[in-house]
Amino acid sequence: MSLDYEQQYYSNKIKFIAGCDEAGRGCLLGPVVAGAVILPKDFKCDLINDSKQLTEKQREKAYQIIKENAISWAVCEVSAEEIDQINILNASRKAMILALEKLDHEYDMILTDAVKI
């Protein structure tokens with residue numbers, strides 16, 4: 001993956017973009033987990049794209065690459081019990097917000113694939 005999509009947003013005002021996504025939204029049981037990451041503008045790695053298309057071994061390698069190269073990254077979860085109370089969409093949104101709040105670097109823009117924050 002290169003940050004080709006993100007390149008259209010970088011400008012004098014937008015220097016750091018936080019990408020955020022969730023996992024577990026389709027599960028019947030268990031938590032929903034969200035991750036947020038700020039990668040360097042020039043980051044490139046063909047392995048990192050859609051985790052659903054990767055083997056477990058490739059996902060582990062991608063995780064290591066992200067940890068080693070990210071400006072900042074965070075992962076948060078919302079429990080199954082809370083999902084039952086606030087619904088899966090709100091739980092997904094909450095997990096994403098928690099992950100973004102946990103980042104230890106400022107960002108100018110957030111990119112997500114579907115959930116508006």
# chains A, B, ... in the order shown; residues from 1 in each chain; ligands from 1
$ residues_around --residues "A:Leu39" --least-positions-apart "3" --cutoff "12 Å" --atoms "only C-alpha atoms" --output "list in words"
Met1, Ser2, Leu3, Glu6, Lys15, Phe16, Ile17, Ala18, Gly19, Cys20, Ala36, Asp42, Phe43, Lys44, Cys45, Ile48, Ile65, Ile66, Lys67, Glu68, Asn69, Ala70, Ile71, Ser72, Trp73, Leu103, His105 and Tyr107 of chain A
$ write_last_selection --atoms "N, CA, C and O atoms" --output "CSV table (one decimal), in the first residue's frame"
chain,number,residue,atom,x,y,z
A,1,MET,N,0.8,-1.2,0.0
A,1,MET,CA,0.0,0.0,0.0
A,1,MET,C,0.9,1.2,0.0
A,1,MET,O,1.8,1.3,0.7
A,2,SER,N,0.5,2.1,-0.8
A,2,SER,CA,1.1,3.5,-0.7
A,2,SER,C,0.0,4.4,-0.3
A,2,SER,O,-1.2,4.0,-0.3
A,3,LEU,N,0.3,5.6,0.0
A,3,LEU,CA,-0.7,6.5,0.5
A,3,LEU,C,-1.3,7.3,-0.7
A,3,LEU,O,-1.5,8.5,-0.6
A,6,GLU,N,-4.5,9.1,0.0
A,6,GLU,CA,-4.4,10.2,0.9
A,6,GLU,C,-3.7,11.4,0.3
A,6,GLU,O,-3.9,12.5,0.7
A,15,LYS,N,-1.2,18.0,7.2
A,15,LYS,CA,0.1,17.4,7.2
A,15,LYS,C,0.1,16.0,7.7
A,15,LYS,O,0.9,15.2,7.4
A,16,PHE,N,-0.9,15.7,8.6
A,16,PHE,CA,-1.0,14.4,9.2
A,16,PHE,C,-2.4,13.9,9.1
A,16,PHE,O,-3.3,14.6,9.5
A,17,ILE,N,-2.6,12.7,8.6
A,17,ILE,CA,-3.9,12.1,8.4
A,17,ILE,C,-3.9,10.8,9.3
A,17,ILE,O,-3.1,10.0,9.2
A,18,ALA,N,-5.0,10.8,10.0
A,18,ALA,CA,-5.3,9.6,10.8
A,18,ALA,C,-6.2,8.7,10.1
A,18,ALA,O,-7.3,9.1,9.7
A,19,GLY,N,-5.9,7.5,9.9
A,19,GLY,CA,-6.8,6.5,9.3
A,19,GLY,C,-7.4,5.7,10.4
A,19,GLY,O,-6.7,5.3,11.4
A,20,CYS,N,-8.7,5.4,10.3
A,20,CYS,CA,-9.3,4.7,11.4
A,20,CYS,C,-10.3,3.7,10.9
A,20,CYS,O,-11.1,4.0,9.9
A,36,ALA,N,-6.5,3.0,15.0
A,36,ALA,CA,-6.2,4.3,14.4
A,36,ALA,C,-4.7,4.4,14.1
A,36,ALA,O,-4.0,3.9,15.0
A,42,ASP,N,5.1,9.5,3.1
A,42,ASP,CA,5.8,8.7,2.0
A,42,ASP,C,5.8,7.2,2.3
A,42,ASP,O,6.5,6.5,1.6
A,43,PHE,N,4.9,6.7,3.2
A,43,PHE,CA,4.9,5.3,3.5
A,43,PHE,C,4.5,4.5,2.3
A,43,PHE,O,3.5,4.8,1.6
A,44,LYS,N,5.1,3.4,2.2
A,44,LYS,CA,4.8,2.4,1.1
A,44,LYS,C,5.0,1.0,1.6
A,44,LYS,O,6.0,0.7,2.2
A,45,CYS,N,4.0,0.1,1.4
A,45,CYS,CA,4.1,-1.3,1.8
A,45,CYS,C,3.0,-2.0,1.0
A,45,CYS,O,1.8,-1.8,1.3
A,48,ILE,N,0.2,-4.1,3.1
A,48,ILE,CA,-0.8,-3.5,3.9
A,48,ILE,C,-1.9,-2.9,3.0
A,48,ILE,O,-1.6,-1.9,2.2
A,65,ILE,N,5.0,-4.2,10.7
A,65,ILE,CA,5.4,-3.1,9.8
A,65,ILE,C,4.8,-1.8,10.3
A,65,ILE,O,5.4,-0.7,10.3
A,66,ILE,N,3.5,-1.9,10.6
A,66,ILE,CA,2.8,-0.7,11.1
A,66,ILE,C,3.4,-0.1,12.4
A,66,ILE,O,3.7,1.0,12.5
A,67,LYS,N,3.6,-1.0,13.3
A,67,LYS,CA,4.2,-0.6,14.6
A,67,LYS,C,5.6,0.0,14.4
A,67,LYS,O,5.9,1.0,15.1
A,68,GLU,N,6.4,-0.5,13.5
A,68,GLU,CA,7.7,0.0,13.3
A,68,GLU,C,7.7,1.3,12.5
A,68,GLU,O,8.7,2.1,12.7
A,69,ASN,N,6.7,1.6,11.7
A,69,ASN,CA,6.8,2.7,10.8
A,69,ASN,C,5.8,3.9,11.2
A,69,ASN,O,5.9,5.0,10.7
A,70,ALA,N,4.8,3.6,12.0
A,70,ALA,CA,3.7,4.6,12.3
A,70,ALA,C,4.3,5.7,13.1
A,70,ALA,O,5.1,5.5,14.0
A,71,ILE,N,3.8,6.9,12.8
A,71,ILE,CA,4.0,8.0,13.6
A,71,ILE,C,3.3,7.8,15.0
A,71,ILE,O,3.9,8.1,16.0
A,72,SER,N,2.1,7.3,14.9
A,72,SER,CA,1.4,6.9,16.1
A,72,SER,C,0.3,5.9,15.7
A,72,SER,O,-0.2,5.9,14.6
A,73,TRP,N,0.0,5.0,16.6
A,73,TRP,CA,-1.1,4.0,16.4
A,73,TRP,C,-1.7,3.7,17.7
A,73,TRP,O,-1.1,3.8,18.8
A,103,LEU,N,-4.3,8.3,20.3
A,103,LEU,CA,-3.1,8.6,19.5
A,103,LEU,C,-2.3,9.7,20.2
A,103,LEU,O,-2.8,10.6,20.8
A,105,HIS,N,-0.1,11.7,18.8
A,105,HIS,CA,0.4,12.7,17.9
A,105,HIS,C,-0.9,13.5,17.3
A,105,HIS,O,-1.9,12.8,17.1
A,107,TYR,N,-3.3,15.3,14.5
A,107,TYR,CA,-3.6,15.0,13.1
A,107,TYR,C,-4.5,16.1,12.7
A,107,TYR,O,-5.2,16.8,13.5
$ select_by_dssp --residues "stretch 3-96 of chain A" --states "strand (DSSP E or B)" --output "number ranges by chain"
A: 17-23, 32-38, 44, 72-78
$ select_by_dssp --residues "stretch 13-81 of chain A" --states "helix (DSSP H, G or I)" --output "PyMOL selection string"
chain A and resi 51-53+56-69+80-81
$ closest_residue --among "A:Thr55, A:Ser79, A:Ser92, A:Gln64" --to "A:Ala34" --atoms "only C-alpha atoms"
A:Ser92
$ closest_residue --among "A:Ile97, A:Val115, A:Ile88, A:Met109" --to "A:Leu28" --atoms "only C-alpha atoms"
A:Ile88
$ residues_around --residues "A:Ala80" --least-positions-apart "5" --cutoff "9 Å" --atoms "only C-alpha atoms" --output "list in words"
Leu28, Leu29, Gly30, Pro31, Val32, Gln85 and Ile88 of chain A
$ write_last_selection --atoms "C-alpha atoms" --output "PDB file, in the first residue's frame"
ATOM      1  CA  LEU A  28     -22.593 -12.117  16.839  1.00  0.00           C
ATOM      2  CA  LEU A  29     -20.489 -12.328  20.001  1.00  0.00           C
ATOM      3  CA  GLY A  30     -17.507 -10.488  21.353  1.00  0.00           C
ATOM      4  CA  PRO A  31     -16.232  -6.937  21.289  1.00  0.00           C
ATOM      5  CA  VAL A  32     -15.866  -4.496  18.442  1.00  0.00           C
ATOM      6  CA  GLN A  85     -26.702  -1.380  25.362  1.00  0.00           C
ATOM      7  CA  ILE A  88     -23.240  -2.073  17.102  1.00  0.00           C
TER       8      ILE A  88
END
$ atom_distance --atom1 "atom CA of A:Lys102" --atom2 "atom CA of A:Gln53"
27.1 Å
$ atom_distance --atom1 "atom CA of A:Val33" --atom2 "atom CA of A:Leu98"
10.0 Å
$ closest_residue --among "A:Lys61, A:Lys52, A:Arg25, A:Lys41" --to "A:Met96" --atoms "only C-alpha atoms"
A:Arg25
$ closest_residue --among "A:Ser11, A:Lys116, A:Ile38, A:Ala95" --to "A:Ile83" --atoms "only C-alpha atoms"
A:Ala95
